[in-house]
file final-v5.tsv (TSV, C-alpha atoms)
chain	number	residue	atom	x	y	z
F	19	MET	CA	96.87	59.22	-71.71
F	20	HIS	CA	93.57	58.25	-70.12
F	21	ASP	CA	92.53	59.03	-66.60
F	22	ALA	CA	91.00	55.54	-66.31
F	23	VAL	CA	90.80	52.39	-68.38
F	24	VAL	CA	87.87	50.15	-67.42
F	25	VAL	CA	88.22	46.50	-68.47
F	26	GLY	CA	84.76	44.95	-68.77
F	27	ALA	CA	81.66	46.78	-69.97
F	28	ARG	CA	78.73	45.01	-68.36
F	29	CYS	CA	76.77	45.96	-65.24
F	30	ALA	CA	79.79	47.00	-63.14
F	31	GLY	CA	82.16	48.42	-65.75
F	32	SER	CA	79.76	50.54	-67.80
F	33	PRO	CA	78.28	52.37	-64.78
F	34	THR	CA	81.78	52.98	-63.38
F	35	ALA	CA	82.91	54.41	-66.71
F	36	MET	CA	79.73	56.47	-67.02
F	37	LEU	CA	80.03	57.97	-63.54
F	38	LEU	CA	83.70	58.87	-64.03
F	39	ALA	CA	83.04	60.34	-67.48
F	40	ARG	CA	80.20	62.43	-66.06
F	41	ARG	CA	82.74	63.87	-63.64
F	42	GLY	CA	84.84	65.00	-66.58
F	43	TYR	CA	87.50	62.27	-66.64
F	44	ARG	CA	88.91	60.79	-69.80
F	45	VAL	CA	87.76	57.16	-69.68
F	46	LEU	CA	88.42	54.23	-71.99
F	47	LEU	CA	85.89	51.37	-71.60
F	48	VAL	CA	86.81	48.06	-73.26
F	49	ASP	CA	85.30	44.59	-73.50
F	50	ARG	CA	86.17	41.44	-75.40
F	51	ALA	CA	82.44	41.01	-76.17
F	52	THR	CA	80.36	43.00	-78.60
F	53	PHE	CA	76.95	44.34	-77.62
F	54	PRO	CA	74.16	43.42	-77.44
F	55	SER	CA	75.23	40.00	-76.16
F	56	ASP	CA	74.06	37.67	-73.42
F	57	THR	CA	75.76	36.41	-70.28
F	58	MET	CA	74.71	34.11	-67.45
F	59	SER	CA	72.72	36.07	-64.93
F	60	THR	CA	69.96	35.98	-62.34
F	61	HIS	CA	68.60	39.03	-64.23
F	62	TYR	CA	67.17	40.59	-61.11
F	63	ILE	CA	67.66	44.24	-60.21
F	64	HIS	CA	66.36	44.79	-56.70
F	65	ILE	CA	64.90	48.12	-55.61
F	66	SER	CA	68.31	49.11	-54.22
F	67	GLY	CA	69.58	48.83	-57.80
F	68	THR	CA	66.63	50.46	-59.56
F	69	ALA	CA	66.88	53.39	-57.15
F	70	ARG	CA	70.41	53.92	-58.46
F	71	LEU	CA	69.21	53.67	-62.05
F	72	ALA	CA	66.67	56.36	-61.19
F	73	ARG	CA	69.40	58.54	-59.69
F	74	TRP	CA	71.48	58.08	-62.84
F	75	GLY	CA	68.53	59.00	-65.07
F	76	LEU	CA	68.28	55.51	-66.57
F	77	LEU	CA	65.27	53.88	-64.89
F	78	ASP	CA	62.71	55.29	-67.32
F	79	ARG	CA	64.93	54.15	-70.18
F	80	LEU	CA	64.89	50.60	-68.82
F	81	ALA	CA	61.13	50.69	-68.28
F	82	ALA	CA	60.68	51.85	-71.89
F	83	THR	CA	62.27	48.62	-73.15
F	84	GLY	CA	59.12	46.74	-72.19
F	85	CYS	CA	60.58	44.88	-69.24
F	86	PRO	CA	57.73	44.28	-66.78
F	87	PRO	CA	58.07	46.04	-63.42
F	88	ILE	CA	58.06	43.80	-60.36
F	89	THR	CA	56.35	45.15	-57.27
F	90	ARG	CA	55.19	41.93	-55.64
F	91	LEU	CA	56.90	38.67	-54.63
F	92	SER	CA	55.73	35.40	-53.08
F	93	MET	CA	57.57	32.86	-50.94
F	94	ASP	CA	56.57	29.20	-50.82
F	95	ILE	CA	58.35	26.81	-48.43
F	96	GLY	CA	55.82	24.01	-48.93
F	97	LEU	CA	54.05	24.28	-45.60
F	98	VAL	CA	53.69	28.06	-45.73
F	99	VAL	CA	53.10	30.53	-48.58
F	100	PHE	CA	52.97	34.32	-48.34
F	101	ALA	CA	53.34	37.36	-50.60
F	102	GLY	CA	54.36	40.96	-50.17
F	103	SER	CA	55.80	44.13	-51.63
F	104	PRO	CA	59.15	45.49	-50.41
F	105	PRO	CA	59.12	48.98	-48.91
F	106	PRO	CA	60.27	51.61	-51.43
F	107	LEU	CA	63.62	53.38	-51.48
F	108	ALA	CA	63.97	57.04	-52.48
F	109	GLY	CA	60.50	56.87	-54.00
F	110	VAL	CA	61.29	53.77	-56.10
F	111	ASP	CA	59.10	50.73	-55.49
F	112	ARG	CA	59.85	48.57	-58.56
F	113	GLY	CA	62.35	45.88	-59.33
F	114	PHE	CA	63.09	44.60	-62.84
F	115	ALA	CA	64.56	41.43	-64.31
F	116	PRO	CA	65.79	42.50	-67.76
F	117	ARG	CA	67.50	40.33	-70.32
F	118	ARG	CA	71.20	41.11	-70.26
F	119	THR	CA	71.16	41.71	-74.01
F	120	VAL	CA	69.01	44.75	-73.22
F	121	LEU	CA	70.45	45.94	-69.89
F	122	ASP	CA	74.14	45.73	-70.77
F	123	LYS	CA	73.68	47.54	-74.09
F	124	MET	CA	71.70	50.27	-72.34
F	125	LEU	CA	74.46	50.75	-69.76
F	126	LEU	CA	77.17	50.74	-72.43
F	127	ASP	CA	75.30	53.40	-74.42
F	128	ALA	CA	74.93	55.51	-71.28
F	129	ALA	CA	78.70	55.36	-70.70
F	130	ALA	CA	79.34	56.44	-74.29
F	131	GLU	CA	76.80	59.27	-74.00
F	132	ALA	CA	78.62	60.46	-70.87
F	133	GLY	CA	81.82	60.80	-72.90
F	134	ALA	CA	83.61	57.49	-72.30
F	135	GLU	CA	85.44	56.05	-75.30
F	136	VAL	CA	84.10	52.54	-75.92
F	137	ARG	CA	85.90	49.73	-77.72
F	138	GLN	CA	84.02	46.47	-78.22
F	139	GLY	CA	85.61	43.21	-79.32
F	140	PHE	CA	88.80	44.49	-77.69
F	141	VAL	CA	90.86	41.84	-75.90
F	142	VAL	CA	93.24	42.83	-73.10
F	143	GLU	CA	96.36	40.67	-73.29
F	144	GLU	CA	98.66	42.34	-70.77
F	145	LEU	CA	98.76	44.94	-68.01
F	146	ILE	CA	101.57	47.47	-68.39
F	147	ARG	CA	103.70	48.13	-65.32
F	148	ASP	CA	106.13	50.71	-64.09
F	149	GLY	CA	107.74	48.82	-61.23
F	150	GLU	CA	104.87	47.70	-58.97
F	151	ARG	CA	102.40	50.19	-60.42
F	152	ILE	CA	99.94	49.32	-63.19
F	153	THR	CA	100.09	52.05	-65.80
F	154	GLY	CA	97.97	50.74	-68.67
F	155	ILE	CA	96.96	47.84	-70.88
F	156	ARG	CA	98.19	46.15	-74.03
F	157	ALA	CA	95.27	44.88	-76.09
F	158	ARG	CA	94.03	44.32	-79.61
F	159	ALA	CA	90.82	44.38	-81.56
F	160	ARG	CA	90.03	41.05	-83.16
F	161	GLY	CA	92.31	40.63	-86.12
F	162	GLY	CA	94.10	43.89	-85.34
F	163	ALA	CA	97.55	44.83	-84.16
F	164	ALA	CA	98.34	45.15	-80.46
F	165	VAL	CA	98.03	48.64	-79.03
F	166	THR	CA	99.11	50.13	-75.71
F	167	GLU	CA	96.82	52.43	-73.76
F	168	ARG	CA	98.13	54.15	-70.66
F	169	ALA	CA	96.06	55.38	-67.73
F	170	ARG	CA	96.34	56.78	-64.26
F	171	ILE	CA	94.27	53.82	-63.03
F	172	VAL	CA	93.15	50.52	-64.59
F	173	ILE	CA	89.84	49.18	-63.28
F	174	GLY	CA	88.99	45.49	-63.59
F	175	ALA	CA	85.27	44.97	-64.08
F	176	ASP	CA	85.82	41.70	-65.89
F	177	GLY	CA	83.92	39.21	-63.75
F	178	ARG	CA	84.74	36.49	-61.26
F	179	ARG	CA	87.48	35.07	-63.50
F	180	SER	CA	88.95	38.56	-63.81
F	181	PHE	CA	92.13	38.81	-65.88
F	182	VAL	CA	92.99	41.99	-64.03
F	183	ALA	CA	92.59	40.35	-60.61
F	184	ARG	CA	94.68	37.33	-61.62
F	185	THR	CA	97.43	39.47	-63.11
F	186	VAL	CA	97.84	41.69	-60.06
F	187	GLY	CA	97.43	38.75	-57.66
F	188	ALA	CA	94.49	40.25	-55.79
F	189	ALA	CA	94.15	38.39	-52.49
F	190	GLU	CA	90.87	36.62	-51.67
F	191	TYR	CA	89.30	36.46	-48.23
F	192	GLU	CA	86.05	35.47	-46.49
F	193	ILE	CA	86.05	32.53	-48.91
F	194	VAL	CA	83.14	30.06	-48.92
F	195	PRO	CA	83.34	27.21	-51.48
F	196	PRO	CA	80.53	26.83	-54.05
F	197	LEU	CA	77.25	25.93	-52.38
F	198	THR	CA	74.81	25.49	-55.25
F	199	THR	CA	74.45	24.50	-58.89
F	200	TYR	CA	71.97	26.37	-61.08
F	201	TYR	CA	70.13	25.70	-64.31
F	202	TYR	CA	67.64	28.04	-65.94
F	203	THR	CA	65.85	28.71	-69.19
F	204	TYR	CA	63.04	30.84	-70.64
F	205	TRP	CA	59.40	29.91	-71.16
F	206	SER	CA	56.55	31.51	-73.05
F	207	GLY	CA	52.96	30.96	-72.01
F	208	VAL	CA	53.74	30.90	-68.28
F	209	PRO	CA	51.59	33.58	-66.63
F	210	LEU	CA	53.33	35.50	-63.85
F	211	ASP	CA	52.11	38.58	-61.98
F	212	ARG	CA	55.00	38.57	-59.51
F	213	THR	CA	58.35	36.95	-58.79
F	214	GLU	CA	57.76	33.54	-57.26
F	215	LEU	CA	60.32	32.06	-54.85
F	216	TYR	CA	60.28	28.43	-53.69
F	217	ALA	CA	62.34	26.57	-51.08
F	218	ARG	CA	62.39	22.83	-50.56
F	219	PRO	CA	64.92	20.62	-48.71
F	220	GLY	CA	68.06	20.66	-50.85
F	221	ARG	CA	66.32	22.64	-53.60
F	222	ALA	CA	65.31	26.18	-54.49
F	223	PHE	CA	63.63	27.52	-57.60
F	224	PHE	CA	62.29	30.80	-58.91
F	225	ALA	CA	60.02	32.15	-61.64
F	226	ILE	CA	60.74	35.70	-62.76
F	227	PRO	CA	59.00	37.79	-65.45
F	228	THR	CA	61.35	39.25	-68.05
F	229	HIS	CA	61.30	40.77	-71.54
F	230	ASP	CA	59.04	39.64	-74.39
F	231	GLY	CA	56.45	38.05	-72.13
F	232	LEU	CA	58.89	35.35	-71.07
F	233	ALA	CA	59.36	33.75	-67.68
F	234	CYS	CA	62.89	32.98	-66.55
F	235	VAL	CA	62.54	29.84	-64.43
F	236	MET	CA	65.63	28.90	-62.45
F	237	THR	CA	66.40	25.86	-60.31
F	238	ALA	CA	69.10	25.33	-57.70
F	239	TRP	CA	70.49	22.11	-56.22
F	240	THR	CA	73.38	21.67	-53.84
F	241	ALA	CA	76.82	21.96	-55.47
F	242	PRO	CA	77.87	18.29	-54.91
F	243	GLU	CA	74.88	17.24	-57.05
F	244	PHE	CA	76.09	19.02	-60.19
F	245	LYS	CA	77.02	15.86	-62.10
F	246	THR	CA	73.74	14.23	-61.17
F	247	PHE	CA	71.77	17.24	-62.39
F	248	ARG	CA	73.81	17.51	-65.58
F	249	ALA	CA	73.18	13.83	-66.43
F	250	ASP	CA	69.52	14.65	-67.15
F	251	ILE	CA	69.14	18.42	-67.16
F	252	GLU	CA	65.60	18.73	-68.47
F	253	GLY	CA	64.27	15.80	-66.45
F	254	ASN	CA	65.82	16.97	-63.19
F	255	TYR	CA	64.76	20.55	-63.85
F	256	LEU	CA	61.11	19.58	-64.38
F	257	ARG	CA	61.09	17.14	-61.46
F	258	THR	CA	62.36	19.96	-59.22
F	259	LEU	CA	59.43	22.13	-60.26
F	260	ASP	CA	56.99	19.28	-59.59
F	261	SER	CA	57.34	19.93	-55.87
F	262	ALA	CA	55.29	23.11	-56.54
F	263	PRO	CA	52.38	21.72	-58.60
F	264	SER	CA	50.88	25.08	-59.58
F	265	LEU	CA	54.14	26.33	-61.07
F	266	ALA	CA	54.96	22.96	-62.62
F	267	GLU	CA	51.58	22.87	-64.38
F	268	ARG	CA	52.05	26.36	-65.79
F	269	VAL	CA	55.57	25.58	-67.00
F	270	ARG	CA	54.60	22.25	-68.57
F	271	SER	CA	51.72	24.02	-70.34
F	272	GLY	CA	54.10	26.64	-71.70
F	273	ARG	CA	56.81	26.46	-74.35
F	274	ARG	CA	60.54	26.39	-73.69
F	275	GLU	CA	62.08	29.05	-75.93
F	276	GLU	CA	65.83	28.66	-75.33
F	277	ARG	CA	68.42	26.11	-74.26
F	278	PHE	CA	69.29	25.48	-70.63
F	279	PHE	CA	72.01	27.59	-69.02
F	280	GLY	CA	73.81	26.34	-65.93
F	281	SER	CA	76.86	26.41	-63.74
F	282	ALA	CA	78.33	25.00	-60.55
F	283	ASP	CA	81.33	27.36	-60.66
F	284	LEU	CA	79.88	29.78	-58.11
F	285	PRO	CA	82.46	30.52	-55.41
F	286	ASN	CA	81.85	33.05	-52.67
F	287	PHE	CA	84.66	35.49	-51.90
F	288	PHE	CA	85.87	39.02	-51.41
F	289	ARG	CA	89.02	40.19	-53.18
F	290	LYS	CA	91.26	43.02	-52.14
F	291	PRO	CA	89.94	45.53	-54.65
F	292	TYR	CA	92.85	47.90	-55.12
F	293	GLY	CA	96.58	48.33	-55.38
F	294	PRO	CA	99.11	50.61	-57.08
F	295	GLY	CA	97.42	51.82	-60.24
F	296	TRP	CA	94.52	49.33	-60.21
F	297	ALA	CA	91.11	48.65	-58.72
F	298	LEU	CA	88.38	46.00	-59.00
F	299	VAL	CA	84.60	46.36	-59.14
F	300	GLY	CA	81.63	44.03	-59.50
F	301	ASP	CA	82.19	40.27	-59.55
F	302	ALA	CA	85.90	40.88	-60.14
F	303	GLY	CA	86.13	42.13	-56.56
F	304	PHE	CA	83.34	40.37	-54.73
F	305	GLN	CA	80.92	37.54	-55.45
F	306	LYS	CA	78.31	35.55	-53.59
F	307	ASP	CA	75.90	32.78	-54.47
F	308	PRO	CA	73.08	33.78	-56.87
F	309	LEU	CA	70.37	32.61	-54.45
F	310	THR	CA	69.42	36.13	-53.39
F	311	ALA	CA	70.05	37.60	-56.87
F	312	GLN	CA	72.20	40.47	-55.63
F	313	GLY	CA	74.87	40.58	-58.35
F	314	ILE	CA	73.55	43.42	-60.51
F	315	SER	CA	72.41	45.55	-57.57
F	316	ASP	CA	75.78	45.01	-55.86
F	317	ALA	CA	77.59	46.00	-59.05
F	318	PHE	CA	75.66	49.27	-59.24
F	319	ARG	CA	76.40	50.06	-55.59
F	320	ASP	CA	80.10	49.32	-55.93
F	321	ALA	CA	80.36	51.29	-59.17
F	322	GLU	CA	79.15	54.35	-57.27
F	323	LEU	CA	81.50	53.72	-54.36
F	324	LEU	CA	84.50	53.18	-56.63
F	325	ALA	CA	83.73	56.19	-58.83
F	326	GLU	CA	83.60	58.38	-55.70
F	327	ALA	CA	86.94	57.01	-54.50
F	328	VAL	CA	88.69	57.35	-57.87
F	329	ASP	CA	87.33	60.87	-58.25
F	330	ALA	CA	88.73	61.79	-54.83
F	331	GLY	CA	92.12	60.33	-55.75
F	332	LEU	CA	92.42	61.68	-59.30
F	333	GLY	CA	91.02	65.01	-58.21
F	334	GLY	CA	93.71	65.39	-55.57
F	335	ARG	CA	91.36	65.65	-52.63
F	336	ARG	CA	92.76	62.49	-51.01
F	337	PRO	CA	95.73	60.22	-51.61
F	338	MET	CA	94.48	57.56	-54.03
F	339	GLU	CA	95.49	54.70	-51.74
F	340	ASP	CA	93.50	56.17	-48.84
F	341	ALA	CA	90.46	56.73	-51.05
F	342	LEU	CA	90.56	53.16	-52.38
F	343	ALA	CA	91.05	51.72	-48.90
F	344	ASP	CA	87.90	53.58	-47.89
F	345	TYR	CA	86.14	52.09	-50.94
F	346	GLU	CA	87.02	48.58	-49.73
F	347	ARG	CA	85.81	49.34	-46.22
F	348	ARG	CA	82.51	50.82	-47.41
F	349	ARG	CA	81.94	47.98	-49.87
F	350	ASN	CA	82.54	45.35	-47.21
F	351	GLU	CA	80.36	47.06	-44.63
F	352	ALA	CA	77.51	47.27	-47.13
F	353	ALA	CA	77.96	43.75	-48.52
F	354	MET	CA	78.77	41.59	-45.50
F	355	PRO	CA	75.31	41.22	-43.90
F	356	LEU	CA	73.70	39.86	-47.09
F	357	TYR	CA	76.85	37.89	-47.92
F	358	THR	CA	76.55	36.02	-44.63
F	359	LEU	CA	72.79	35.55	-44.99
F	360	THR	CA	73.08	34.38	-48.60
F	361	CYS	CA	75.77	31.82	-47.82
F	362	GLU	CA	73.66	30.49	-44.97
F	363	GLN	CA	70.52	30.20	-47.12
F	364	ALA	CA	72.42	28.76	-50.11
F	365	ARG	CA	73.17	25.61	-48.13
F	366	LEU	CA	69.55	24.73	-48.99
F	367	ALA	CA	68.98	23.08	-45.63
F	368	ALA	CA	65.51	21.86	-44.74
F	369	LYS	CA	63.52	24.40	-42.76
F	370	SER	CA	63.62	23.71	-39.03
F	371	PRO	CA	60.43	23.75	-36.93
F	372	LYS	CA	61.47	27.20	-35.67
F	373	ASP	CA	61.88	28.40	-39.28
F	374	VAL	CA	58.42	27.11	-40.17
F	375	GLU	CA	56.96	28.82	-37.10
F	376	LEU	CA	58.56	32.12	-38.12
F	377	PHE	CA	57.39	31.86	-41.74
F	378	ALA	CA	53.88	31.03	-40.55
F	379	ALA	CA	53.93	34.13	-38.35
F	380	ILE	CA	55.16	36.24	-41.26
F	381	SER	CA	52.35	34.89	-43.45
F	382	ARG	CA	49.80	36.33	-40.99
F	383	ASN	CA	51.47	39.75	-40.76
F	384	GLN	CA	51.51	41.78	-43.97
F	385	THR	CA	53.93	44.39	-42.65
F	386	ALA	CA	56.36	41.63	-41.68
F	387	ALA	CA	55.94	39.96	-45.09
F	388	ASP	CA	56.68	43.23	-46.89
F	389	ARG	CA	59.74	43.84	-44.74
F	390	PHE	CA	60.92	40.24	-45.26
F	391	PHE	CA	61.05	40.88	-49.01
F	392	GLY	CA	62.64	44.24	-48.30
F	393	VAL	CA	65.75	42.49	-46.96
F	394	ASP	CA	66.76	41.13	-50.38
F	395	ALA	CA	65.43	44.29	-52.04
F	396	GLY	CA	67.93	46.34	-50.05
F	397	THR	CA	65.29	48.50	-48.43
F	398	VAL	CA	65.30	46.81	-45.00
F	399	PRO	CA	68.66	46.16	-43.29
F	400	VAL	CA	69.38	42.51	-42.55
F	401	HIS	CA	70.12	43.17	-38.89
F	402	ASP	CA	66.87	45.14	-38.47
F	403	PHE	CA	64.64	42.35	-39.72
F	404	PHE	CA	66.50	39.41	-38.20
F	405	SER	CA	67.25	41.02	-34.85
F	406	PRO	CA	66.00	38.94	-31.92
F	407	ALA	CA	63.72	41.77	-30.86
F	408	ASN	CA	62.03	42.03	-34.27
F	409	LEU	CA	61.62	38.28	-34.62
F	410	ALA	CA	60.11	38.16	-31.14
F	411	ARG	CA	57.63	40.87	-32.13
F	412	ILE	CA	56.59	38.95	-35.25
F	413	LEU	CA	56.18	35.69	-33.32
F	414	GLY	CA	54.41	37.44	-30.46
F	415	ALA	CA	51.92	39.10	-32.79
F	416	ALA	CA	51.03	35.69	-34.22
F	417	ALA	CA	50.53	34.05	-30.84
F	418	PRO	CA	46.92	33.14	-29.98
call {"tool": "encode", "arguments": {"input": "final-v5.tsv", "output": "structure tokens"}}
result
Amino acid sequence: MHDAVVVGARCAGSPTAMLLARRGYRVLLVDRATFPSDTMSTHYIHISGTARLARWGLLDRLAATGCPPITRLSMDIGLVVFAGSPPPLAGVDRGFAPRRTVLDKMLLDAAAEAGAEVRQGFVVEELIRDGERITGIRARARGGAAVTERARIVIGADGRRSFVARTVGAAEYEIVPPLTTYYYTYWSGVPLDRTELYARPGRAFFAIPTHDGLACVMTAWTAPEFKTFRADIEGNYLRTLDSAPSLAERVRSGRREERFFGSADLPNFFRKPYGPGWALVGDAGFQKDPLTAQGISDAFRDAELLAEAVDAGLGGRRPMEDALADYERRRNEAAMPLYTLTCEQARLAAKSPKDVELFAAISRNQTAADRFFGVDAGTVPVHDFFSPANLARILGAAAP
């Protein structure tokens, strides 16, 4: 009998399992994949996420993999360009954009080191019930016989198409249909000393340094244009970059090292993340458009919140239902400001004259530029930066 079974061992499931195992619980962590293995990702871990890695004792381990630290970002909207460094959090001032083959294996190993039992290549076929309560899983290793594992709670960390969420019928809310379609690949020979962000009418694109001296270069179009983009992926990808000639020249002078990865299946939603004997974490419970690259950092935050709630419930300090309800409330309070902002920005609308005026003012105010990048980094609250009073201060400081 396990205290918890965690289904899904990537950037939400492995930290959840690790944190529960560190508290002394008997945890089974399973995934249909084997590791190291890749998955579609924006790669980015904002400072809010790296601060958690530091707290967990894993940031130095990530840095030792050779992933370049990111302390500076630039924003280019065509008419205005500026750069800055987000304010630090808990003494951490670096983001990272690791390959998922490296990050996910590191997190899985940390869960195992904490005492979680790990089973890779292990496919969950059924959730076991006792009345309305989930009491375990029925699963099998590839080519093996089905086995039943029982637990006091089953945690779905199995992504936006979560088997656990579908099986329990987890309700969705705050739904926004897909807004963008993304394609990305990896280039060698593209010099980057920062993360570069670009916005154009109906388009966005990014260049991010990652492992092995590679640049991950990602493009976004509006969701209705998916079929158009897919009809000529490489041509449309390169033509998108051409609207930023400096980046386009560097990319065209480099070498594409991998195939293109892309998707238009990017819904925005919250799911009710708990019920009798079950809980959800990571993309299984909440997802938003990749534009602001929050997925990994959100997963780390929610892993901590869920581990605290499950510990309170299993430890008898609170009724489990009350603890998990508090987890949902805390998750939503933390996530909603950037969820709303991301959905607004992911419409890829042309910048209005007022937007251009604000960006121009930010470009002449280094503190404002740093704090602008701190919003996505999780070190400056959305409502603090975008409050009318703060925007008035930025615009007023730029006035002649």
call {"tool": "residues_around", "arguments": {"input": "final-v5.tsv", "residues": "stretch 181-185 of chain F", "least_positions_apart": "6", "cutoff": "8 Å", "atoms": "all atoms listed in the file", "output": "VMD selection string"}}
result
chain F and resid 25 145 173 to 174 298 302 to 303
call {"tool": "closest_atom_pairs", "arguments": {"input": "final-v5.tsv", "of": "stretch 50-151 of chain F", "to": "stretch 202-206 of chain F", "cutoff": "10 Å", "atoms": "only C-alpha atoms", "output": "Markdown table"}}
result
| residue | atom | partner | partner_atom | distance |
| --- | --- | --- | --- | --- |
| F:Met58 | CA | F:Tyr202 | CA | 9.4 |
| F:Ser59 | CA | F:Tyr202 | CA | 9.6 |
| F:Thr60 | CA | F:Tyr202 | CA | 9.0 |
call {"tool": "residues_near_point", "arguments": {"input": "final-v5.tsv", "point": "(57.0, 35.3, -63.0)", "cutoff": "7 Å", "atoms": "only C-alpha atoms", "output": "VMD selection string"}}
result
chain F and resid 209 to 214 225 to 227 233
call {"tool": "closest_atom_pairs", "arguments": {"input": "final-v5.tsv", "of": "stretch 277-381 of chain F", "to": "stretch 386-410 of chain F", "cutoff": "7 Å", "atoms": "all atoms listed in the file", "output": "CSV"}}
result
residue,atom,partner,partner_atom,distance
F:Thr310,CA,F:Asp394,CA,6.4
F:Pro355,CA,F:Val400,CA,6.2
F:Leu356,CA,F:Val400,CA,6.8
F:Ile380,CA,F:Ala387,CA,5.4
F:Ser381,CA,F:Ala387,CA,6.4
call {"tool": "atom_distance", "arguments": {"input": "final-v5.tsv", "atom1": "atom CA of F:Ala325", "atom2": "atom CA of F:Ala134"}}
result
13.5 Å
call {"tool": "closest_residue", "arguments": {"input": "final-v5.tsv", "among": "F:Arg221, F:Leu126, F:Asp230, F:Val165", "to": "F:Asn254", "atoms": "only C-alpha atoms"}}
result
F:Arg221
call {"tool": "closest_residue", "arguments": {"input": "final-v5.tsv", "among": "F:Leu46, F:Leu323, F:Leu366, F:Leu125", "to": "F:Thr199", "atoms": "all atoms listed in the file"}}
result
F:Leu366
call {"tool": "build_atoms", "arguments": {"input": "final-v5.tsv", "residues": "stretch 316-329 of chain F", "atoms": "N, CA and C atoms", "output": "mmCIF file, keeping the file's coordinate frame"}}
result
data_model
loop_
_atom_site.group_PDB
_atom_site.id
_atom_site.type_symbol
_atom_site.label_atom_id
_atom_site.label_comp_id
_atom_site.auth_asym_id
_atom_site.auth_seq_id
_atom_site.Cartn_x
_atom_site.Cartn_y
_atom_site.Cartn_z
ATOM 1 N N ASP F 316 74.466 44.806 -56.476
ATOM 2 C CA ASP F 316 75.780 45.010 -55.860
ATOM 3 C C ASP F 316 76.722 45.746 -56.806
ATOM 4 N N ALA F 317 76.702 45.362 -58.081
ATOM 5 C CA ALA F 317 77.590 46.000 -59.050
ATOM 6 C C ALA F 317 77.300 47.490 -59.163
ATOM 7 N N PHE F 318 76.012 47.845 -59.168
ATOM 8 C CA PHE F 318 75.660 49.270 -59.240
ATOM 9 C C PHE F 318 76.155 50.013 -57.998
ATOM 10 N N ARG F 319 75.931 49.415 -56.829
ATOM 11 C CA ARG F 319 76.400 50.060 -55.590
ATOM 12 C C ARG F 319 77.905 50.267 -55.616
ATOM 13 N N ASP F 320 78.640 49.219 -55.976
ATOM 14 C CA ASP F 320 80.100 49.320 -55.930
ATOM 15 C C ASP F 320 80.647 50.223 -57.009
ATOM 16 N N ALA F 321 79.947 50.335 -58.144
ATOM 17 C CA ALA F 321 80.360 51.290 -59.170
ATOM 18 C C ALA F 321 80.300 52.714 -58.612
ATOM 19 N N GLU F 322 79.235 53.019 -57.875
ATOM 20 C CA GLU F 322 79.150 54.350 -57.270
ATOM 21 C C GLU F 322 80.258 54.568 -56.255
ATOM 22 N N LEU F 323 80.473 53.571 -55.388
ATOM 23 C CA LEU F 323 81.500 53.720 -54.360
ATOM 24 C C LEU F 323 82.883 53.888 -54.984
ATOM 25 N N LEU F 324 83.183 53.091 -56.013
ATOM 26 C CA LEU F 324 84.500 53.180 -56.630
ATOM 27 C C LEU F 324 84.657 54.498 -57.382
ATOM 28 N N ALA F 325 83.631 54.915 -58.099
ATOM 29 C CA ALA F 325 83.730 56.190 -58.830
ATOM 30 C C ALA F 325 83.993 57.341 -57.866
ATOM 31 N N GLU F 326 83.354 57.332 -56.703
ATOM 32 C CA GLU F 326 83.600 58.380 -55.700
ATOM 33 C C GLU F 326 85.054 58.341 -55.235
ATOM 34 N N ALA F 327 85.571 57.137 -54.985
ATOM 35 C CA ALA F 327 86.940 57.010 -54.500
ATOM 36 C C ALA F 327 87.952 57.440 -55.559
ATOM 37 N N VAL F 328 87.760 56.992 -56.797
ATOM 38 C CA VAL F 328 88.690 57.350 -57.870
ATOM 39 C C VAL F 328 88.642 58.850 -58.123
ATOM 40 N N ASP F 329 87.460 59.418 -58.077
ATOM 41 C CA ASP F 329 87.330 60.870 -58.250
ATOM 42 C C ASP F 329 88.104 61.612 -57.169
#
